[in-house]
>>> print(open('entry-v1.tsv').read())   # TSV, C-alpha atoms
chain	number	residue	atom	x	y	z
C	1	MET	CA	-18.17	7.36	8.48
C	2	ARG	CA	-16.46	8.12	5.17
C	3	SER	CA	-13.36	6.23	6.29
C	4	SER	CA	-15.53	3.27	7.27
C	5	ARG	CA	-17.10	3.14	3.81
C	6	ILE	CA	-13.73	3.21	2.09
C	7	ILE	CA	-12.40	0.49	4.40
C	8	LEU	CA	-15.49	-1.60	3.61
C	9	LEU	CA	-14.79	-1.19	-0.11
C	10	ILE	CA	-11.19	-2.30	0.45
C	11	ALA	CA	-12.50	-5.34	2.32
C	12	VAL	CA	-14.79	-6.24	-0.58
C	13	ILE	CA	-11.85	-6.11	-3.00
C	14	VAL	CA	-9.73	-8.18	-0.62
C	15	VAL	CA	-12.43	-10.86	-0.40
C	16	GLY	CA	-12.82	-10.86	-4.16
C	17	MET	CA	-9.11	-11.41	-4.77
C	18	SER	CA	-8.34	-13.88	-1.99
C	19	HIS	CA	-8.75	-17.62	-1.86
C	20	ARG	CA	-7.91	-20.44	0.49
C	21	SER	CA	-4.53	-21.06	1.99
C	22	ASP	CA	-2.29	-23.47	0.11
C	23	GLY	CA	-2.19	-25.78	3.11
C	24	GLN	CA	1.49	-25.28	3.92
C	25	GLY	CA	2.53	-25.74	7.52
C	26	ALA	CA	2.23	-22.63	9.64
C	27	ARG	CA	5.39	-20.56	9.92
C	28	PRO	CA	6.21	-18.48	13.01
C	29	LEU	CA	3.78	-15.58	13.36
C	30	ALA	CA	6.53	-12.95	13.13
C	31	GLU	CA	7.68	-14.47	9.83
C	32	GLN	CA	4.17	-14.56	8.37
C	33	LEU	CA	3.62	-10.90	9.29
C	34	ARG	CA	7.19	-9.70	8.71
C	35	LEU	CA	6.21	-6.80	6.44
C	36	ALA	CA	4.25	-5.26	9.30
C	37	GLY	CA	7.68	-4.83	10.85
C	38	VAL	CA	8.59	-2.35	8.11
C	39	MET	CA	5.45	-0.27	8.59
C	40	PRO	CA	5.63	2.71	10.96
C	41	ARG	CA	3.12	2.58	13.81
C	42	GLY	CA	-0.12	4.51	13.60
C	43	GLY	CA	-1.67	2.82	10.57
C	44	LEU	CA	-5.43	2.72	10.15
C	45	VAL	CA	-5.48	-0.36	7.92
C	46	TYR	CA	-2.79	-2.88	6.99
C	47	VAL	CA	-3.19	-5.32	4.09
C	48	GLN	CA	-0.60	-7.89	3.06
C	49	ALA	CA	-0.47	-10.31	0.15
C	50	ARG	CA	1.54	-13.51	0.04
C	51	ASP	CA	2.30	-13.04	-3.68
C	52	LEU	CA	1.02	-9.72	-5.00
C	53	SER	CA	2.52	-10.21	-8.46
C	54	ALA	CA	0.50	-13.39	-9.00
C	55	LEU	CA	-2.64	-11.85	-7.51
C	56	MET	CA	-2.43	-8.78	-9.75
C	57	LYS	CA	-2.12	-10.96	-12.85
C	58	MET	CA	-5.17	-12.92	-11.70
C	59	TRP	CA	-7.12	-9.75	-10.84
C	60	LEU	CA	-6.44	-7.98	-14.14
C	61	ALA	CA	-7.55	-11.04	-16.09
C	62	SER	CA	-10.55	-11.94	-13.92
C	63	THR	CA	-14.23	-11.49	-14.64
C	64	ALA	CA	-14.65	-10.50	-10.97
C	65	ARG	CA	-12.79	-7.27	-11.72
C	66	ASP	CA	-15.21	-6.39	-14.51
C	67	ARG	CA	-18.22	-7.31	-12.37
C	68	PHE	CA	-16.94	-5.18	-9.52
C	69	ARG	CA	-16.42	-2.14	-11.75
C	70	LYS	CA	-19.92	-2.57	-13.18
C	71	SER	CA	-21.56	-3.09	-9.78
C	72	SER	CA	-24.00	-0.61	-8.29
C	73	SER	CA	-21.80	-0.30	-5.18
C	74	PHE	CA	-18.80	0.86	-7.18
C	75	SER	CA	-20.99	3.12	-9.31
C	76	VAL	CA	-22.32	4.91	-6.24
C	77	PHE	CA	-18.87	5.15	-4.66
C	78	SER	CA	-17.26	6.48	-7.86
C	79	GLU	CA	-19.67	9.42	-7.79
C	80	SER	CA	-19.07	10.23	-4.14
C	81	ARG	CA	-17.24	13.32	-2.97
C	82	VAL	CA	-14.60	11.21	-1.24
C	83	TYR	CA	-13.80	9.20	-4.37
C	84	LEU	CA	-13.63	12.28	-6.58
C	85	LYS	CA	-11.33	13.99	-4.08
C	86	LEU	CA	-9.05	10.96	-3.98
C	87	GLN	CA	-8.93	10.87	-7.77
C	88	GLU	CA	-7.95	14.55	-7.88
C	89	ARG	CA	-5.21	13.96	-5.34
C	90	LYS	CA	-3.94	10.92	-7.23
C	91	LYS	CA	-3.83	12.97	-10.43
C	92	ASP	CA	-1.79	15.67	-8.67
C	93	ILE	CA	0.72	13.03	-7.53
C	94	GLU	CA	0.91	11.46	-11.00
C	95	THR	CA	1.57	14.87	-12.56
C	96	ALA	CA	4.31	15.63	-10.05
C	97	VAL	CA	6.15	12.31	-10.28
C	98	GLY	CA	5.64	11.70	-14.00
C	99	VAL	CA	4.32	8.16	-13.55
C	100	GLY	CA	0.76	6.88	-13.70
C	101	LEU	CA	-0.50	5.22	-10.52
C	102	ASP	CA	-3.05	2.64	-11.57
C	103	GLU	CA	-3.57	-1.12	-11.52
C	104	SER	CA	-1.09	-1.67	-14.34
C	105	ARG	CA	1.59	0.26	-12.45
C	106	LEU	CA	0.92	-1.74	-9.30
C	107	ALA	CA	1.25	-4.95	-11.32
C	108	GLU	CA	4.60	-3.71	-12.64
C	109	LEU	CA	5.91	-2.83	-9.17
C	110	ALA	CA	4.54	-5.88	-7.38
C	111	GLY	CA	6.93	-8.54	-6.21
C	112	ALA	CA	6.05	-11.55	-4.09
C	113	ALA	CA	5.20	-10.79	-0.44
C	114	SER	CA	3.80	-7.24	-0.35
C	115	ALA	CA	1.87	-4.96	1.98
C	116	VAL	CA	0.27	-1.54	2.14
C	117	THR	CA	-0.64	0.52	5.19
C	118	ILE	CA	-2.99	3.50	5.06
C	119	TYR	CA	-2.46	6.22	7.66
C	120	ASP	CA	-4.76	8.98	6.41
C	121	ILE	CA	-7.26	8.18	3.67
C	122	GLY	CA	-8.20	11.77	2.85
C	123	ASN	CA	-4.58	12.86	2.43
C	124	LEU	CA	-3.52	9.59	0.76
C	125	GLU	CA	-0.84	9.01	3.39
C	126	MET	CA	0.38	5.44	2.93
C	127	VAL	CA	3.33	3.08	2.76
C	128	PHE	CA	3.71	0.31	0.17
C	129	VAL	CA	6.34	-2.41	0.54
C	130	THR	CA	7.07	-5.31	-1.81
C	131	GLU	CA	9.79	-7.95	-1.77
C	132	VAL	CA	11.37	-7.84	-5.21
C	133	GLY	CA	14.83	-8.28	-6.69
C	134	ARG	CA	16.97	-5.17	-7.13
C	135	GLU	CA	17.37	-5.66	-10.88
C	136	ARG	CA	13.62	-5.84	-11.43
C	137	ALA	CA	12.94	-2.89	-9.11
C	138	ILE	CA	15.44	-0.67	-10.91
C	139	ALA	CA	13.88	-1.61	-14.27
C	140	THR	CA	10.47	-0.18	-13.29
C	141	ALA	CA	9.13	3.08	-14.68
C	142	LEU	CA	9.30	4.54	-11.18
C	143	PHE	CA	13.06	4.05	-10.84
C	144	LYS	CA	13.58	5.34	-14.37
C	145	GLN	CA	12.17	8.64	-13.08
C	146	ALA	CA	14.84	8.81	-10.35
C	147	PRO	CA	16.81	11.62	-12.11
C	148	GLN	CA	13.70	13.80	-11.73
C	149	PHE	CA	13.67	13.23	-7.94
C	150	GLN	CA	15.94	14.52	-5.20
C	151	GLU	CA	18.25	11.89	-3.76
C	152	ARG	CA	18.19	12.20	0.01
C	153	SER	CA	19.85	10.35	2.86
C	154	ALA	CA	18.40	9.06	6.11
C	155	PRO	CA	20.30	7.29	8.90
C	156	SER	CA	19.07	3.95	7.54
C	157	GLY	CA	19.50	4.50	3.81
C	158	VAL	CA	19.11	6.54	0.65
C	159	TYR	CA	15.74	7.41	-0.89
C	160	TYR	CA	14.30	9.53	-3.68
C	161	ALA	CA	11.77	12.27	-2.98
C	162	ARG	CA	9.63	14.67	-4.99
C	163	GLU	CA	7.50	17.50	-3.60
C	164	VAL	CA	3.81	17.26	-4.45
C	165	SER	CA	1.28	20.08	-4.18
C	166	THR	CA	-2.31	18.84	-3.85
C	167	ASP	CA	-5.75	19.99	-2.79
C	168	GLY	CA	-5.52	23.15	-4.87
C	169	GLY	CA	-2.15	24.06	-3.38
C	170	ARG	CA	-3.40	23.83	0.20
C	171	LEU	CA	-1.49	20.63	0.97
C	172	SER	CA	2.17	19.90	0.36
C	173	GLN	CA	3.56	16.41	0.78
C	174	GLN	CA	6.25	14.20	-0.69
C	175	PHE	CA	6.23	11.12	-2.90
C	176	CYS	CA	9.20	8.94	-1.99
C	177	PHE	CA	10.65	5.60	-3.01
C	178	ALA	CA	13.66	3.52	-2.05
C	179	TYR	CA	15.15	0.07	-2.33
C	180	ALA	CA	16.41	-1.44	0.91
C	181	GLY	CA	16.84	-4.92	2.33
C	182	GLY	CA	15.48	-6.64	-0.77
C	183	ARG	CA	12.34	-4.50	-0.72
C	184	LEU	CA	10.93	-1.68	-2.79
C	185	ILE	CA	9.39	0.92	-0.47
C	186	VAL	CA	7.04	3.68	-1.65
C	187	THR	CA	5.54	6.33	0.64
C	188	THR	CA	3.49	9.49	0.21
C	189	THR	CA	5.22	11.46	2.97
C	190	GLU	CA	8.91	11.85	3.71
C	191	GLY	CA	8.46	11.18	7.40
C	192	LEU	CA	6.92	7.78	6.69
C	193	MET	CA	9.82	6.91	4.37
C	194	ILE	CA	12.45	7.73	6.99
C	195	ARG	CA	10.63	5.65	9.58
C	196	ALA	CA	10.05	2.75	7.16
C	197	LEU	CA	13.74	2.66	6.24
C	198	ALA	CA	14.65	2.54	9.93
C	199	ASN	CA	12.21	-0.34	10.48
C	200	SER	CA	13.52	-2.15	7.41
C	201	ALA	CA	17.00	-2.07	8.92
C	202	SER	CA	15.74	-3.19	12.33
C	203	ALA	CA	12.07	-3.39	13.32
C	204	GLY	CA	11.61	-1.82	16.72
C	205	ASP	CA	9.00	-0.07	18.84
C	206	ASP	CA	8.01	2.20	15.94
C	207	SER	CA	6.85	-0.69	13.75
C	208	MET	CA	3.32	-2.11	13.50
C	209	LEU	CA	4.52	-5.69	13.97
C	210	GLN	CA	3.61	-6.01	17.64
C	211	ASP	CA	0.16	-4.45	17.12
C	212	VAL	CA	-0.69	-6.76	14.23
C	213	MET	CA	0.77	-9.81	15.98
C	214	ALA	CA	-1.22	-9.06	19.14
C	215	THR	CA	-4.47	-9.19	17.16
C	216	ALA	CA	-3.44	-12.28	15.20
C	217	GLY	CA	-2.33	-14.00	18.39
C	218	ARG	CA	-5.86	-13.80	19.78
C	219	ALA	CA	-7.17	-15.77	16.79
C	220	ARG	CA	-6.75	-19.45	17.56
C	221	GLY	CA	-4.71	-21.21	14.90
C	222	PHE	CA	-4.13	-18.01	12.92
C	223	THR	CA	-2.40	-18.42	9.57
C	224	ALA	CA	-1.85	-15.65	7.05
C	225	HIS	CA	-3.68	-16.45	3.81
C	226	GLU	CA	-3.22	-15.11	0.29
C	227	ILE	CA	-4.45	-11.76	1.59
C	228	THR	CA	-4.55	-10.74	5.25
C	229	MET	CA	-6.12	-7.52	6.52
C	230	TRP	CA	-5.76	-5.76	9.88
C	231	LEU	CA	-7.84	-2.77	11.03
C	232	ASP	CA	-7.56	-0.32	13.89
C	233	GLN	CA	-11.30	-0.55	14.55
C	234	ALA	CA	-11.20	1.96	17.39
C	235	ARG	CA	-10.35	4.70	14.88
C	236	LEU	CA	-13.01	3.87	12.29
>>> encode(input="entry-v1.tsv", output="structure tokens")
Amino acid sequence: MRSSRIILLIAVIVVGMSHRSDGQGARPLAEQLRLAGVMPRGGLVYVQARDLSALMKMWLASTARDRFRKSSSFSVFSESRVYLKLQERKKDIETAVGVGLDESRLAELAGAASAVTIYDIGNLEMVFVTEVGRERAIATALFKQAPQFQERSAPSGVYYAREVSTDGGRLSQQFCFAYAGGRLIVTTTEGLMIRALANSASAGDDSMLQDVMATAGRARGFTAHEITMWLDQARL
């Protein structure tokens, strides 16, 4: 039930930020949903944006953002146990990595086509991928913290990792980031990073692409819009 409420809140934000397609001719489905090919399988919710950088600029400057934050729905949610727990966990991660993780940071990291997949809401297990030039990615505050991280190697590439202790020391996970294949990849567990790097090199059976495409394929005339959202409803 708690997961369902959080997913509903995500959906409200998605609707608030999205608008109609630009009317361009439909591209092949696999191309429209290509970032799902980077995501390891097992995600609960997948959200992709056609141009996250532009959307974040619009969102930060919009009156809809202010209305949402002042709404009764957000007020109730911000006082919930789930929200407070997530905020505590986010603060633990920020302290460990030395970088704030808020809307402004997302706007800084965001490139054009971008996506996020949530695997475990309570533990903040997620993967974020954005298509951005190497020079811009390296100039971000996150990459400037690289000397404070451990550089590690996986079969499909190099990544940076930092151990994070959360939930009062009861949970240990990793905050990782990498640049591969023209994409900045950020994960909150090392296992997800290793799998995402492998998918970035060559999307295979461990990627979410086929799952997301199967759902989209059942929608007649499907076209990815400014924001597209996929849910594993059976797990909600």
>>> closest_atom_pairs(input="entry-v1.tsv", of="region 108-129 of chain C", to="region 56-72 of chain C", cutoff="12 Å", atoms="all atoms listed in the file", output="tab-separated table")
residue	atom	partner	partner_atom	distance
C:Glu108	CA	C:Met56	CA	9.1
C:Leu109	CA	C:Met56	CA	10.3
C:Ala110	CA	C:Met56	CA	7.9
C:Gly111	CA	C:Met56	CA	10.0
C:Ala112	CA	C:Met56	CA	10.6
C:Ser114	CA	C:Met56	CA	11.4
>>> write_last_selection(input="entry-v1.tsv", atoms="C-alpha atoms", output="PDB file, in the coordinates of the input")
ATOM      1  CA  GLU C 108       4.600  -3.710 -12.640  1.00  0.00           C
ATOM      2  CA  LEU C 109       5.910  -2.830  -9.170  1.00  0.00           C
ATOM      3  CA  ALA C 110       4.540  -5.880  -7.380  1.00  0.00           C
ATOM      4  CA  GLY C 111       6.930  -8.540  -6.210  1.00  0.00           C
ATOM      5  CA  ALA C 112       6.050 -11.550  -4.090  1.00  0.00           C
ATOM      6  CA  SER C 114       3.800  -7.240  -0.350  1.00  0.00           C
TER       7      SER C 114
END
>>> closest_residue(input="entry-v1.tsv", among="C:Gly122, C:Gly42, C:Gly37, C:Gly217", to="Thr166 (chain C)", atoms="all atoms listed in the file")
C:Gly122
>>> closest_atom_pairs(input="entry-v1.tsv", of="region 27-128 of chain C", to="region 175-179 of chain C", cutoff="9 Å", atoms="all atoms listed in the file", output="JSON lines")
{"residue": "C:Ile93", "atom": "CA", "partner": "C:Phe175", "partner_atom": "CA", "distance": 7.4}
{"residue": "C:Ala96", "atom": "CA", "partner": "C:Phe175", "partner_atom": "CA", "distance": 8.7}
{"residue": "C:Val97", "atom": "CA", "partner": "C:Phe175", "partner_atom": "CA", "distance": 7.5}
>>> residues_near_point(input="entry-v1.tsv", point="(12.6, 6.2, -10.6)", cutoff="12 Å", atoms="only C-alpha atoms", output="short mmCIF file (atom, residue, chain, number, x, y, z; two decimals) with C-alpha atoms, in the frame of the given file")
data_model
loop_
_atom_site.label_atom_id
_atom_site.label_comp_id
_atom_site.auth_asym_id
_atom_site.auth_seq_id
_atom_site.Cartn_x
_atom_site.Cartn_y
_atom_site.Cartn_z
CA VAL C 97 6.15 12.31 -10.28
CA GLY C 98 5.64 11.70 -14.00
CA VAL C 99 4.32 8.16 -13.55
CA LEU C 109 5.91 -2.83 -9.17
CA ALA C 137 12.94 -2.89 -9.11
CA ILE C 138 15.44 -0.67 -10.91
CA ALA C 139 13.88 -1.61 -14.27
CA THR C 140 10.47 -0.18 -13.29
CA ALA C 141 9.13 3.08 -14.68
CA LEU C 142 9.30 4.54 -11.18
CA PHE C 143 13.06 4.05 -10.84
CA LYS C 144 13.58 5.34 -14.37
CA GLN C 145 12.17 8.64 -13.08
CA ALA C 146 14.84 8.81 -10.35
CA PRO C 147 16.81 11.62 -12.11
CA GLN C 148 13.70 13.80 -11.73
CA PHE C 149 13.67 13.23 -7.94
CA GLN C 150 15.94 14.52 -5.20
CA GLU C 151 18.25 11.89 -3.76
CA TYR C 159 15.74 7.41 -0.89
CA TYR C 160 14.30 9.53 -3.68
CA ALA C 161 11.77 12.27 -2.98
CA ARG C 162 9.63 14.67 -4.99
CA PHE C 175 6.23 11.12 -2.90
CA CYS C 176 9.20 8.94 -1.99
CA PHE C 177 10.65 5.60 -3.01
CA ALA C 178 13.66 3.52 -2.05
CA TYR C 179 15.15 0.07 -2.33
CA LEU C 184 10.93 -1.68 -2.79
CA ILE C 185 9.39 0.92 -0.47
CA VAL C 186 7.04 3.68 -1.65
#
>>> residues_around(input="entry-v1.tsv", residues="region 81-91 of chain C", least_positions_apart="5", cutoff="12 Å", atoms="only C-alpha atoms", output="PyMOL selection string")
chain C and resi 1-6+9+74-76+96-102+120-125+164-173+175+188
>>> closest_residue(input="entry-v1.tsv", among="C:Ala216, C:Leu192, C:Thr130, C:Ala54", to="Ala154 (chain C)", atoms="all atoms listed in the file")
C:Leu192
>>> decode(input="entry-v1.tsv", residues="region 115-148 of chain C", atoms="N, CA and C atoms", output="mmCIF file, in the first residue's frame")
data_model
loop_
_atom_site.group_PDB
_atom_site.id
_atom_site.type_symbol
_atom_site.label_atom_id
_atom_site.label_comp_id
_atom_site.auth_asym_id
_atom_site.auth_seq_id
_atom_site.Cartn_x
_atom_site.Cartn_y
_atom_site.Cartn_z
ATOM 1 N N ALA C 115 16.329 8.512 -17.962
ATOM 2 C CA ALA C 115 15.374 7.575 -17.366
ATOM 3 C C ALA C 115 15.812 7.212 -15.959
ATOM 4 N N VAL C 116 14.838 6.831 -15.149
ATOM 5 C CA VAL C 116 15.114 6.331 -13.806
ATOM 6 C C VAL C 116 14.256 5.097 -13.578
ATOM 7 N N THR C 117 14.834 4.108 -12.932
ATOM 8 C CA THR C 117 14.098 2.907 -12.548
ATOM 9 C C THR C 117 14.237 2.721 -11.045
ATOM 10 N N ILE C 118 13.116 2.470 -10.387
ATOM 11 C CA ILE C 118 13.109 2.220 -8.947
ATOM 12 C C ILE C 118 12.916 0.723 -8.727
ATOM 13 N N TYR C 119 13.783 0.147 -7.915
ATOM 14 C CA TYR C 119 13.737 -1.287 -7.634
ATOM 15 C C TYR C 119 13.189 -1.569 -6.239
ATOM 16 N N ASP C 120 13.548 -0.744 -5.283
ATOM 17 C CA ASP C 120 13.060 -0.885 -3.910
ATOM 18 C C ASP C 120 12.897 0.521 -3.354
ATOM 19 N N ILE C 121 11.660 0.938 -3.129
ATOM 20 C CA ILE C 121 11.409 2.309 -2.688
ATOM 21 C C ILE C 121 11.941 2.548 -1.286
ATOM 22 N N GLY C 122 11.679 1.614 -0.371
ATOM 23 C CA GLY C 122 12.102 1.784 1.010
ATOM 24 C C GLY C 122 13.604 1.906 1.168
ATOM 25 N N ASN C 123 14.352 1.141 0.385
ATOM 26 C CA ASN C 123 15.813 1.166 0.468
ATOM 27 C C ASN C 123 16.451 2.117 -0.539
ATOM 28 N N LEU C 124 15.621 2.856 -1.269
ATOM 29 C CA LEU C 124 16.107 3.794 -2.288
ATOM 30 C C LEU C 124 17.050 3.111 -3.278
ATOM 31 N N GLU C 125 16.669 1.926 -3.731
ATOM 32 C CA GLU C 125 17.469 1.224 -4.733
ATOM 33 C C GLU C 125 16.976 1.649 -6.112
ATOM 34 N N MET C 126 17.836 2.328 -6.865
ATOM 35 C CA MET C 126 17.427 2.854 -8.158
ATOM 36 C C MET C 126 18.607 3.017 -9.102
ATOM 37 N N VAL C 127 18.267 3.187 -10.373
ATOM 38 C CA VAL C 127 19.255 3.466 -11.416
ATOM 39 C C VAL C 127 18.783 4.696 -12.181
ATOM 40 N N PHE C 128 19.691 5.643 -12.387
ATOM 41 C CA PHE C 128 19.410 6.844 -13.175
ATOM 42 C C PHE C 128 20.376 6.880 -14.348
ATOM 43 N N VAL C 129 19.848 7.114 -15.539
ATOM 44 C CA VAL C 129 20.664 7.171 -16.753
ATOM 45 C C VAL C 129 20.282 8.410 -17.545
ATOM 46 N N THR C 130 21.282 9.151 -18.014
ATOM 47 C CA THR C 130 21.007 10.319 -18.846
ATOM 48 C C THR C 130 22.034 10.415 -19.961
ATOM 49 N N GLU C 131 21.579 10.742 -21.154
ATOM 50 C CA GLU C 131 22.474 10.901 -22.293
ATOM 51 C C GLU C 131 23.036 12.317 -22.273
ATOM 52 N N VAL C 132 24.329 12.423 -22.047
ATOM 53 C CA VAL C 132 24.970 13.722 -21.892
ATOM 54 C C VAL C 132 26.415 13.613 -22.367
ATOM 55 N N GLY C 133 26.954 14.696 -22.887
ATOM 56 C CA GLY C 133 28.328 14.688 -23.358
ATOM 57 C C GLY C 133 29.323 14.467 -22.232
ATOM 58 N N ARG C 134 30.444 13.826 -22.543
ATOM 59 C CA ARG C 134 31.447 13.520 -21.525
ATOM 60 C C ARG C 134 31.958 14.784 -20.831
ATOM 61 N N GLU C 135 32.225 15.822 -21.607
ATOM 62 C CA GLU C 135 32.777 17.047 -21.024
ATOM 63 C C GLU C 135 31.833 17.641 -19.988
ATOM 64 N N ARG C 136 30.543 17.658 -20.309
ATOM 65 C CA ARG C 136 29.575 18.204 -19.367
ATOM 66 C C ARG C 136 29.434 17.307 -18.144
ATOM 67 N N ALA C 137 29.434 15.992 -18.356
ATOM 68 C CA ALA C 137 29.297 15.057 -17.237
ATOM 69 C C ALA C 137 30.456 15.211 -16.256
ATOM 70 N N ILE C 138 31.661 15.310 -16.775
ATOM 71 C CA ILE C 138 32.844 15.415 -15.928
ATOM 72 C C ILE C 138 32.873 16.744 -15.169
ATOM 73 N N ALA C 139 32.184 17.757 -15.702
ATOM 74 C CA ALA C 139 32.165 19.070 -15.054
ATOM 75 C C ALA C 139 31.172 19.157 -13.901
ATOM 76 N N THR C 140 30.356 18.118 -13.690
ATOM 77 C CA THR C 140 29.353 18.157 -12.626
ATOM 78 C C THR C 140 29.997 18.014 -11.248
ATOM 79 N N ALA C 141 29.259 18.456 -10.238
ATOM 80 C CA ALA C 141 29.745 18.345 -8.859
ATOM 81 C C ALA C 141 29.978 16.893 -8.477
ATOM 82 N N LEU C 142 29.189 15.994 -9.045
ATOM 83 C CA LEU C 142 29.338 14.576 -8.727
ATOM 84 C C LEU C 142 30.700 14.058 -9.169
ATOM 85 N N PHE C 143 31.088 14.340 -10.402
ATOM 86 C CA PHE C 143 32.378 13.866 -10.893
ATOM 87 C C PHE C 143 33.538 14.565 -10.189
ATOM 88 N N LYS C 144 33.319 15.776 -9.726
ATOM 89 C CA LYS C 144 34.376 16.470 -8.993
ATOM 90 C C LYS C 144 34.665 15.789 -7.657
ATOM 91 N N GLN C 145 33.714 14.972 -7.191
ATOM 92 C CA GLN C 145 33.904 14.221 -5.948
ATOM 93 C C GLN C 145 34.584 12.878 -6.191
ATOM 94 N N ALA C 146 34.900 12.567 -7.440
ATOM 95 C CA ALA C 146 35.479 11.262 -7.778
ATOM 96 C C ALA C 146 36.691 10.885 -6.926
ATOM 97 N N PRO C 147 37.598 11.826 -6.579
ATOM 98 C CA PRO C 147 38.750 11.444 -5.744
ATOM 99 C C PRO C 147 38.351 10.900 -4.373
ATOM 100 N N GLN C 148 37.128 11.210 -3.930
ATOM 101 C CA GLN C 148 36.656 10.726 -2.634
ATOM 102 C C GLN C 148 35.996 9.350 -2.744
#
